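Coordinates as given in target01.txt (compact mmCIF, C-alpha atoms (C1' of nucleotides)):
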# COMPACT_ATOMS: atom_id res chain seq x y z
CA MET A 194 102.20 242.09 79.67
CA ALA A 195 101.23 243.27 76.24
CA LEU A 196 102.81 245.80 73.92
CA PRO A 197 103.21 249.16 75.61
CA THR A 198 101.12 251.85 73.93
CA SER A 199 104.12 253.64 72.47
CA HIS A 200 105.40 250.39 70.94
CA LEU A 201 102.02 249.62 69.42
CA HIS A 202 101.78 253.03 67.82
CA ILE A 203 105.28 252.94 66.46
CA LEU A 204 104.71 249.53 64.88
CA LEU A 205 101.34 250.68 63.57
CA THR A 206 102.77 253.69 61.74
CA LEU A 207 105.69 251.64 60.41
CA ALA A 208 103.36 248.92 59.13
CA THR A 209 102.40 250.96 56.08
CA GLU A 210 105.79 252.47 55.24
CA ASP A 211 109.29 253.15 56.50
CA ARG A 212 109.38 256.25 58.62
CA HIS A 213 111.73 258.44 60.59
CA GLY A 214 111.15 259.31 64.23
CA TYR A 215 109.51 262.65 63.78
CA SER A 216 107.11 261.23 61.22
CA ILE A 217 106.09 258.47 63.64
CA MET A 218 105.44 261.16 66.23
CA ARG A 219 103.21 263.28 64.01
CA GLU A 220 101.33 260.35 62.49
CA THR A 221 100.59 258.94 65.93
CA GLU A 222 99.37 262.24 67.27
CA GLU A 223 97.14 262.70 64.25
CA LEU A 224 95.70 259.19 64.38
CA THR A 225 94.79 259.57 68.03
CA ASP A 226 93.55 263.16 67.81
CA GLY A 227 96.28 264.25 70.16
CA GLN A 228 95.48 261.61 72.78
CA VAL A 229 98.78 259.82 72.32
CA LYS A 230 101.72 262.18 72.20
CA LEU A 231 105.10 260.54 71.82
CA GLY A 232 107.63 262.95 73.25
CA PRO A 233 111.28 262.45 72.40
CA GLY A 234 111.87 260.61 75.67
CA ALA A 235 109.27 257.94 75.01
CA LEU A 236 109.90 257.82 71.27
CA TYR A 237 113.63 257.18 71.23
CA ALA A 238 113.57 254.90 74.23
CA ALA A 239 110.88 252.83 72.53
CA LEU A 240 112.68 252.78 69.18
CA GLY A 241 115.80 251.57 70.96
CA LYS A 242 113.89 248.81 72.73
CA LEU A 243 112.02 247.74 69.61
CA THR A 244 115.32 247.57 67.74
CA ASP A 245 116.91 245.51 70.52
CA ASP A 246 113.93 243.18 70.44
CA GLY A 247 114.17 242.79 66.67
CA LEU A 248 110.72 244.21 65.92
CA VAL A 249 112.18 247.15 64.06
CA VAL A 250 115.42 247.81 62.16
CA GLU A 251 117.01 251.02 61.03
CA THR A 252 117.37 251.16 57.25
CA GLU A 253 119.76 253.12 55.07
CA GLU A 254 117.24 253.36 52.26
CA ARG A 255 115.88 256.83 51.62
CA PRO A 256 112.23 256.60 50.55
CA ALA A 257 112.42 259.88 48.62
CA PRO A 258 116.06 260.79 48.00
CA GLU A 259 115.16 263.87 45.95
CA LEU A 260 113.45 265.64 48.82
CA ASP A 261 115.26 264.29 51.81
CA ASP A 262 116.61 265.58 55.08
CA ALA A 263 120.01 264.25 56.02
CA ARG A 264 119.18 264.33 59.72
CA ARG A 265 116.50 261.70 59.39
CA ARG A 266 116.93 258.14 60.51
CA TYR A 267 114.51 255.72 58.92
CA TYR A 268 113.04 252.67 60.59
CA ARG A 269 111.42 249.58 59.11
CA ILE A 270 109.17 247.02 60.76
CA THR A 271 110.43 243.41 60.67
CA ASP A 272 108.46 240.20 60.21
CA ALA A 273 108.64 239.68 63.97
CA GLY A 274 107.34 243.23 64.44
CA ARG A 275 104.47 242.63 62.06
CA SER A 276 103.62 239.47 63.88
CA ALA A 277 103.72 241.14 67.31
CA LEU A 278 101.52 243.92 65.95
CA GLY A 279 99.02 241.38 64.68
CA VAL A 280 98.82 239.66 68.03
CA GLU A 281 98.26 242.97 69.77
CA LEU A 282 95.61 244.13 67.33
CA GLN A 283 93.77 240.87 67.81
CA ARG A 284 93.85 241.39 71.55
CA LEU A 285 92.46 244.92 71.23
CA GLN A 286 89.83 243.67 68.87
CA LYS A 287 88.69 241.25 71.54
CA VAL A 288 88.59 243.99 74.16
CA ILE A 289 86.35 246.04 71.90
CA ALA A 290 84.11 243.08 71.16
CA TYR A 291 83.81 242.34 74.88
CA ALA A 292 82.89 245.93 75.64
CA ARG A 293 80.33 245.97 72.89
CA ASN A 294 78.70 242.71 73.96
CA SER A 295 78.62 243.45 77.63
CA ASP A 296 76.00 246.02 78.38
CA LEU A 297 78.28 248.83 79.48
CA GLY A 298 76.27 251.64 78.04
CA TRP A 299 79.06 252.01 75.56
CA SER A 300 78.97 251.73 71.82
CA PRO A 301 81.41 253.01 69.25
CA THR A 302 80.40 256.18 67.42
CA MET B 146 99.53 259.00 77.77
CA ALA B 147 96.48 256.85 77.74
CA LEU B 148 95.13 254.37 80.26
CA PRO B 149 97.76 251.79 81.14
CA THR B 150 96.71 248.31 80.08
CA SER B 151 96.15 247.14 83.64
CA HIS B 152 93.87 250.12 84.34
CA LEU B 153 91.87 249.48 81.20
CA HIS B 154 91.32 245.85 82.07
CA ILE B 155 90.36 246.57 85.64
CA LEU B 156 87.80 249.15 84.55
CA LEU B 157 86.54 246.80 81.86
CA THR B 158 85.84 243.96 84.26
CA LEU B 159 84.28 246.33 86.79
CA ALA B 160 82.01 247.84 84.16
CA THR B 161 79.62 244.89 84.29
CA GLU B 162 79.64 244.23 88.03
CA ASP B 163 81.39 244.90 91.31
CA ARG B 164 84.36 242.61 91.75
CA HIS B 165 87.12 241.77 94.16
CA GLY B 166 90.78 241.74 93.15
CA TYR B 167 91.17 238.07 92.48
CA SER B 168 88.06 238.04 90.33
CA ILE B 169 89.42 240.93 88.26
CA MET B 170 92.60 238.95 87.81
CA ARG B 171 90.88 235.78 86.61
CA GLU B 172 88.36 237.54 84.38
CA THR B 173 91.12 239.55 82.69
CA GLU B 174 93.23 236.49 82.09
CA GLU B 175 90.25 234.67 80.63
CA LEU B 176 89.19 237.54 78.39
CA THR B 177 92.66 237.87 76.93
CA ASP B 178 93.37 234.14 76.65
CA GLY B 179 96.20 234.51 79.09
CA GLN B 180 97.85 237.38 77.24
CA VAL B 181 97.23 239.85 80.02
CA LYS B 182 98.14 238.47 83.42
CA LEU B 183 97.67 240.87 86.29
CA GLY B 184 100.04 239.75 89.00
CA PRO B 185 99.46 241.00 92.52
CA GLY B 186 102.05 243.74 92.08
CA ALA B 187 100.37 245.30 89.06
CA LEU B 188 96.86 244.59 90.33
CA TYR B 189 97.03 246.23 93.73
CA ALA B 190 99.21 249.10 92.57
CA ALA B 191 96.68 249.82 89.83
CA LEU B 192 93.67 249.51 92.16
CA GLY B 193 95.32 251.97 94.51
CA LYS B 194 95.98 254.43 91.72
CA LEU B 195 92.50 254.09 90.25
CA THR B 196 91.01 254.69 93.69
CA ASP B 197 93.21 257.75 94.23
CA ASP B 198 92.12 259.06 90.84
CA GLY B 199 88.43 258.50 91.64
CA LEU B 200 87.82 256.03 88.83
CA VAL B 201 87.07 253.24 91.26
CA VAL B 202 85.79 253.04 94.84
CA GLU B 203 85.85 250.24 97.34
CA THR B 204 82.37 249.22 98.39
CA GLU B 205 81.14 247.52 101.56
CA GLU B 206 78.28 245.85 99.73
CA ARG B 207 78.60 242.09 99.39
CA PRO B 208 77.12 240.99 96.06
CA ALA B 209 76.33 237.49 97.39
CA PRO B 210 76.42 237.53 101.20
CA GLU B 211 75.33 233.90 101.46
CA LEU B 212 78.41 232.53 99.71
CA ASP B 213 81.03 235.07 100.57
CA ASP B 214 84.67 235.13 101.56
CA ALA B 215 85.52 237.59 104.32
CA ARG B 216 88.94 238.24 102.81
CA ARG B 217 87.53 239.79 99.70
CA ARG B 218 87.54 243.50 99.06
CA TYR B 219 85.03 244.64 96.46
CA TYR B 220 85.53 247.48 94.02
CA ARG B 221 83.05 249.48 91.99
CA ILE B 222 83.59 251.66 88.95
CA THR B 223 82.55 255.32 89.30
CA ASP B 224 80.97 257.61 86.72
CA ALA B 225 84.39 259.11 86.12
CA GLY B 226 85.76 255.61 85.65
CA ARG B 227 83.04 254.71 83.18
CA SER B 228 83.75 257.89 81.29
CA ALA B 229 87.50 257.25 81.19
CA LEU B 230 86.82 253.72 79.99
CA GLY B 231 84.63 255.04 77.19
CA VAL B 232 87.31 257.44 76.02
CA GLU B 233 89.86 254.66 75.98
CA LEU B 234 87.62 252.22 74.15
CA GLN B 235 86.97 254.83 71.52
CA ARG B 236 90.68 255.33 71.07
CA LEU B 237 91.25 251.60 70.65
CA GLN B 238 88.37 251.41 68.26
CA LYS B 239 90.13 253.97 66.10
CA VAL B 240 93.38 252.06 66.21
CA ILE B 241 91.58 248.95 64.99
CA ALA B 242 89.81 250.88 62.24
CA TYR B 243 93.11 252.38 61.11
CA ALA B 244 94.76 248.98 61.02
CA ARG B 245 91.87 247.51 59.08
CA ASN B 246 91.80 250.30 56.52
CA SER B 247 95.52 250.50 55.98
CA ASP B 248 96.68 247.51 54.00
CA LEU B 249 98.74 245.82 56.68
CA GLY B 250 97.98 242.30 55.74
CA TRP B 251 95.98 242.17 58.93
CA SER B 252 92.33 241.50 59.40
CA PRO B 253 90.49 240.44 62.51
CA THR B 254 89.52 236.79 62.67
C1' DA C 112 120.46 288.48 55.33
C1' DT C 113 118.09 287.11 59.05
C1' DA C 114 114.76 285.85 61.97
C1' DC C 115 111.31 282.65 62.97
C1' DG C 116 108.74 278.44 63.38
C1' DA C 117 108.81 273.83 62.21
C1' DT C 118 111.63 269.78 61.62
C1' DA C 119 114.75 266.37 63.57
C1' DT C 120 117.42 263.72 66.81
C1' DA C 121 119.23 263.02 71.43
C1' DT C 122 119.80 262.80 76.54
C1' DC C 123 118.66 263.45 81.37
C1' DG C 124 116.19 263.03 85.82
C1' DT C 125 112.03 261.98 87.71
C1' DA C 126 107.79 259.74 88.01
C1' DG C 127 104.83 256.05 87.08
C1' DT C 128 103.99 251.07 85.89
C1' DT C 129 105.03 246.11 85.51
C1' DT C 130 107.32 241.96 86.83
C1' DG C 131 108.41 238.26 89.70
C1' DA C 132 109.30 236.82 94.16
C1' DT C 133 107.90 236.39 98.73
C1' DA C 134 104.64 236.38 102.49
C1' DT C 135 100.51 235.23 104.93
C1' DA C 136 96.42 232.95 105.60
C1' DG C 137 91.55 231.24 104.71
C1' DT C 138 88.78 227.84 101.66
C1' DT C 139 87.69 223.60 99.23
C1' DC C 140 87.81 219.02 98.40
C1' DA C 141 89.62 214.39 98.18
C1' DT D 245 95.63 215.98 106.73
C1' DG D 246 97.31 217.51 102.77
C1' DA D 247 97.25 219.80 98.45
C1' DA D 248 95.53 223.05 95.35
C1' DC D 249 93.19 227.09 95.05
C1' DT D 250 91.61 231.54 96.70
C1' DA D 251 92.73 236.07 98.37
C1' DT D 252 95.27 240.11 99.71
C1' DA D 253 99.63 242.47 100.40
C1' DT D 254 104.45 244.23 99.93
C1' DC D 255 109.06 244.65 97.99
C1' DA D 256 113.03 245.41 94.77
C1' DA D 257 114.32 245.60 90.16
C1' DA D 258 113.23 246.46 85.50
C1' DC D 259 110.81 248.86 82.26
C1' DT D 260 108.15 252.76 80.34
C1' DA D 261 106.54 257.54 80.20
C1' DC D 262 106.89 262.50 81.01
C1' DG D 263 108.84 266.97 80.63
C1' DA D 264 112.68 269.72 80.17
C1' DT D 265 116.73 270.81 77.88
C1' DA D 266 120.00 270.73 74.16
C1' DT D 267 121.59 271.07 69.49
C1' DA D 268 121.13 271.94 64.85
C1' DT D 269 118.94 272.03 60.17
C1' DC D 270 115.23 273.43 57.01
C1' DG D 271 111.73 276.42 54.80
C1' DT D 272 109.86 280.64 54.21
C1' DA D 273 108.59 285.15 54.74
C1' DT D 274 110.13 289.88 55.83

For the file at hand, write its structure as structure tokens.
Amino acid sequence: MALPTSHLHILLTLATEDRHGYSIMRETEELTDGQVKLGPGALYAALGKLTDDGLVVETEERPAPELDDARRRYYRITDAGRSALGVELQRLQKVIAYARNSDLGWSPT
Amino acid sequence: MALPTSHLHILLTLATEDRHGYSIMRETEELTDGQVKLGPGALYAALGKLTDDGLVVETEERPAPELDDARRRYYRITDAGRSALGVELQRLQKVIAYARNSDLGWSPT
DNA sequence: ATACGATATATCGTAGTTTGATATAGTTCA
DNA sequence: TGAACTATATCAAACTACGATATATCGTAT
């Protein structure tokens, strides 16, 4: 229907830099003040789906080889992923604009 | 994890006025330029859940009794629903702000 | 040294949500 | 009268999320 929330957040955190799963998890939780918690179930299922769909690829490159952790698996957003993220952000943008323009008694703080 | 997309859009369209299911469907499709299509499956499942959760109630009031359709069932957002919508909008607002501030090569048009 | 908490990935069963099809029937308009 | 649209409803299958469990490494303080 639209990007599932977990997919959006994964793409969003990968948009700035390559990341490993746990980093995606923490970054997402921080960005949303704990509102969106990606547990391992949701996280790895979503990463698998995003990879299947070609929005994300796993990369062998180690961003910081000197202080690395061999367990990590790094993921990188693809052009298709960036494009899908853009479409989704535009949609959300419109939702916000709609809410702001309608008189809902809501305004962003 | 957060409001499912269908729930968000239902609450959003109900925030301005009482609506019946089909109206929610059309309004949502229009607002999202066809990106979010609530089929009957998603729509009525979501309305049932939102009602169970107290975010929406069915109302007997007919907004325009003179030009009505007896088949319609009207729904109204509750205070709890309005509050949940506000929380969600704020979350989305933050996502947009994050995307705008990070250098993703994305900016709203 | 070792114990502990945080880091890191992975899987499983269940629950919740979405999709797409199918069904039924009233309304509008040519 | 027929066709397109309006309107609600249900179902099975697919997809997504949640919470628990498992396993193991890393960093650091005692």

| So which residues touch DA134 (chain C) within 12 Å, counting only C-alpha atoms (C1' of nucleotides), skipping near sequence neighbours fewer than 4 positions away, as a ChimeraX atom specification? | /D:252-255

| task | Using all atoms listed in the file, find the residues of chain A whose closest atom to chain B is at most 10 Å away, then write them as an NGL selection string. | result | :A and (194-199 or 201-202 or 205-210 or 221 or 224-231 or 275-276 or 278-293 or 295-302)

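Using all atoms listed in the file, the protein and nucleic acid residues lying no more than 12 Å from DA126 (chain C), apart from those fewer than 4 places from it along its own chain, are DT260, DA261, DC262 and DG263 of chain D.
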
| task | Could you tell me how far C1' of DA257 (chain D) lies from CA of His200 (chain A), in Å and to one decimal? | result |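 These two atoms are separated by 21.7 Å.
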
| message | Distance limit 8 Å, atoms considered: all atoms listed in the file. Which chain C residues sit that close to chain B? Return them as an NGL selection string. | response | :C and (128-130 or 137)

Restricted to C-alpha atoms (C1' of nucleotides), what would the selected residues look like written as a compact mmCIF listing (two decimals), keeping the file's coordinate frame?
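Result went into part_35.txt, see below:
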# COMPACT_ATOMS: atom_id res chain seq x y z
C1' DT C 128 103.99 251.07 85.89
C1' DT C 129 105.03 246.11 85.51
C1' DT C 130 107.32 241.96 86.83
C1' DG C 137 91.55 231.24 104.71

Show me, as a Markdown table, the residues of chain C having an atom within 12 Å of region 265-270 of chain D, each with the closest atom pair and its distance in Å, using all atoms listed in the file.
| residue | atom | partner | partner_atom | distance |
| --- | --- | --- | --- | --- |
| C:DC115 | C1' | D:DC270 | C1' | 11.7 |
| C:DG116 | C1' | D:DC270 | C1' | 10.4 |
| C:DA117 | C1' | D:DC270 | C1' | 8.3 |
| C:DT118 | C1' | D:DC270 | C1' | 6.9 |
| C:DA119 | C1' | D:DT269 | C1' | 7.8 |
| C:DT120 | C1' | D:DT267 | C1' | 8.9 |
| C:DA121 | C1' | D:DA266 | C1' | 8.2 |
| C:DT122 | C1' | D:DA266 | C1' | 8.3 |
| C:DC123 | C1' | D:DT265 | C1' | 8.4 |
| C:DG124 | C1' | D:DT265 | C1' | 11.1 |

| message | To one decimal place in Å, what is the distance between CA of Tyr267 (chain A) and CA of Asn246 (chain B)? | response |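 The value is 23.5 Å.
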
After fit on chain B (all C-alpha, ordered pairs), chain A as a CSV table (one decimal) with C-alpha atoms, in the coordinates of the input:
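File part.csv, as written:
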chain,number,residue,atom,x,y,z
A,194,MET,CA,99.4,259.1,77.7
A,195,ALA,CA,96.4,256.8,77.7
A,196,LEU,CA,95.1,254.4,80.2
A,197,PRO,CA,97.7,251.8,81.1
A,198,THR,CA,96.7,248.3,80.1
A,199,SER,CA,96.2,247.1,83.6
A,200,HIS,CA,93.9,250.1,84.3
A,201,LEU,CA,91.9,249.4,81.2
A,202,HIS,CA,91.3,245.8,82.1
A,203,ILE,CA,90.4,246.5,85.7
A,204,LEU,CA,87.8,249.1,84.6
A,205,LEU,CA,86.6,246.8,81.9
A,206,THR,CA,85.9,243.9,84.3
A,207,LEU,CA,84.3,246.3,86.8
A,208,ALA,CA,82.0,247.8,84.2
A,209,THR,CA,79.6,244.9,84.3
A,210,GLU,CA,79.7,244.2,88.1
A,211,ASP,CA,81.4,244.9,91.3
A,212,ARG,CA,84.4,242.6,91.8
A,213,HIS,CA,87.1,241.8,94.2
A,214,GLY,CA,90.8,241.7,93.2
A,215,TYR,CA,91.2,238.1,92.5
A,216,SER,CA,88.1,238.1,90.4
A,217,ILE,CA,89.4,240.9,88.3
A,218,MET,CA,92.6,238.9,87.8
A,219,ARG,CA,90.9,235.8,86.6
A,220,GLU,CA,88.4,237.6,84.4
A,221,THR,CA,91.2,239.5,82.7
A,222,GLU,CA,93.3,236.5,82.1
A,223,GLU,CA,90.3,234.6,80.7
A,224,LEU,CA,89.3,237.5,78.4
A,225,THR,CA,92.8,237.8,77.0
A,226,ASP,CA,93.5,234.1,76.7
A,227,GLY,CA,96.3,234.5,79.2
A,228,GLN,CA,97.9,237.4,77.3
A,229,VAL,CA,97.3,239.8,80.1
A,230,LYS,CA,98.2,238.5,83.5
A,231,LEU,CA,97.7,240.8,86.4
A,232,GLY,CA,100.0,239.7,89.1
A,233,PRO,CA,99.5,241.0,92.6
A,234,GLY,CA,102.1,243.7,92.1
A,235,ALA,CA,100.4,245.3,89.1
A,236,LEU,CA,96.9,244.6,90.4
A,237,TYR,CA,97.0,246.2,93.8
A,238,ALA,CA,99.2,249.1,92.6
A,239,ALA,CA,96.7,249.8,89.9
A,240,LEU,CA,93.7,249.5,92.2
A,241,GLY,CA,95.4,251.9,94.5
A,242,LYS,CA,96.0,254.4,91.7
A,243,LEU,CA,92.5,254.1,90.2
A,244,THR,CA,91.1,254.7,93.7
A,245,ASP,CA,93.3,257.7,94.2
A,246,ASP,CA,92.2,259.0,90.8
A,247,GLY,CA,88.5,258.5,91.6
A,248,LEU,CA,87.9,256.0,88.8
A,249,VAL,CA,87.1,253.2,91.3
A,250,VAL,CA,85.8,253.1,94.8
A,251,GLU,CA,85.9,250.2,97.3
A,252,THR,CA,82.4,249.2,98.4
A,253,GLU,CA,81.1,247.6,101.6
A,254,GLU,CA,78.3,245.9,99.7
A,255,ARG,CA,78.6,242.1,99.4
A,256,PRO,CA,77.1,241.0,96.0
A,257,ALA,CA,76.3,237.6,97.4
A,258,PRO,CA,76.3,237.6,101.2
A,259,GLU,CA,75.2,234.0,101.4
A,260,LEU,CA,78.3,232.6,99.7
A,261,ASP,CA,80.9,235.1,100.6
A,262,ASP,CA,84.5,235.2,101.6
A,263,ALA,CA,85.4,237.6,104.3
A,264,ARG,CA,88.8,238.2,102.9
A,265,ARG,CA,87.4,239.8,99.8
A,266,ARG,CA,87.5,243.5,99.1
A,267,TYR,CA,85.0,244.7,96.5
A,268,TYR,CA,85.5,247.5,94.0
A,269,ARG,CA,83.1,249.5,92.0
A,270,ILE,CA,83.6,251.6,89.0
A,271,THR,CA,82.6,255.3,89.3
A,272,ASP,CA,81.0,257.6,86.7
A,273,ALA,CA,84.4,259.1,86.1
A,274,GLY,CA,85.8,255.6,85.6
A,275,ARG,CA,83.1,254.7,83.2
A,276,SER,CA,83.8,257.8,81.3
A,277,ALA,CA,87.5,257.2,81.1
A,278,LEU,CA,86.8,253.7,80.0
A,279,GLY,CA,84.6,255.0,77.2
A,280,VAL,CA,87.3,257.4,76.0
A,281,GLU,CA,89.8,254.6,75.9
A,282,LEU,CA,87.6,252.2,74.1
A,283,GLN,CA,86.9,254.8,71.5
A,284,ARG,CA,90.6,255.3,71.0
A,285,LEU,CA,91.2,251.5,70.6
A,286,GLN,CA,88.3,251.3,68.2
A,287,LYS,CA,90.0,253.9,66.1
A,288,VAL,CA,93.3,252.0,66.2
A,289,ILE,CA,91.5,248.9,65.0
A,290,ALA,CA,89.7,250.8,62.2
A,291,TYR,CA,93.0,252.4,61.1
A,292,ALA,CA,94.7,249.0,61.0
A,293,ARG,CA,91.8,247.5,59.0
A,294,ASN,CA,91.7,250.4,56.5
A,295,SER,CA,95.4,250.6,55.9
A,296,ASP,CA,96.6,247.7,53.9
A,297,LEU,CA,98.7,246.0,56.6
A,298,GLY,CA,98.0,242.5,55.6
A,299,TRP,CA,96.0,242.3,58.8
A,300,SER,CA,92.4,241.6,59.3
A,301,PRO,CA,90.6,240.4,62.4
A,302,THR,CA,89.7,236.7,62.6

Hey, could you pull the box centre and edge lengths for region 117-131 of chain C, axis-aligned, 8 Å padding per side, all listed atoms, to one decimal in Å, as JSON?
{"center_x": 111.9, "center_y": 256.0, "center_z": 75.7, "size_x": 31.8, "size_y": 51.6, "size_z": 44.1}
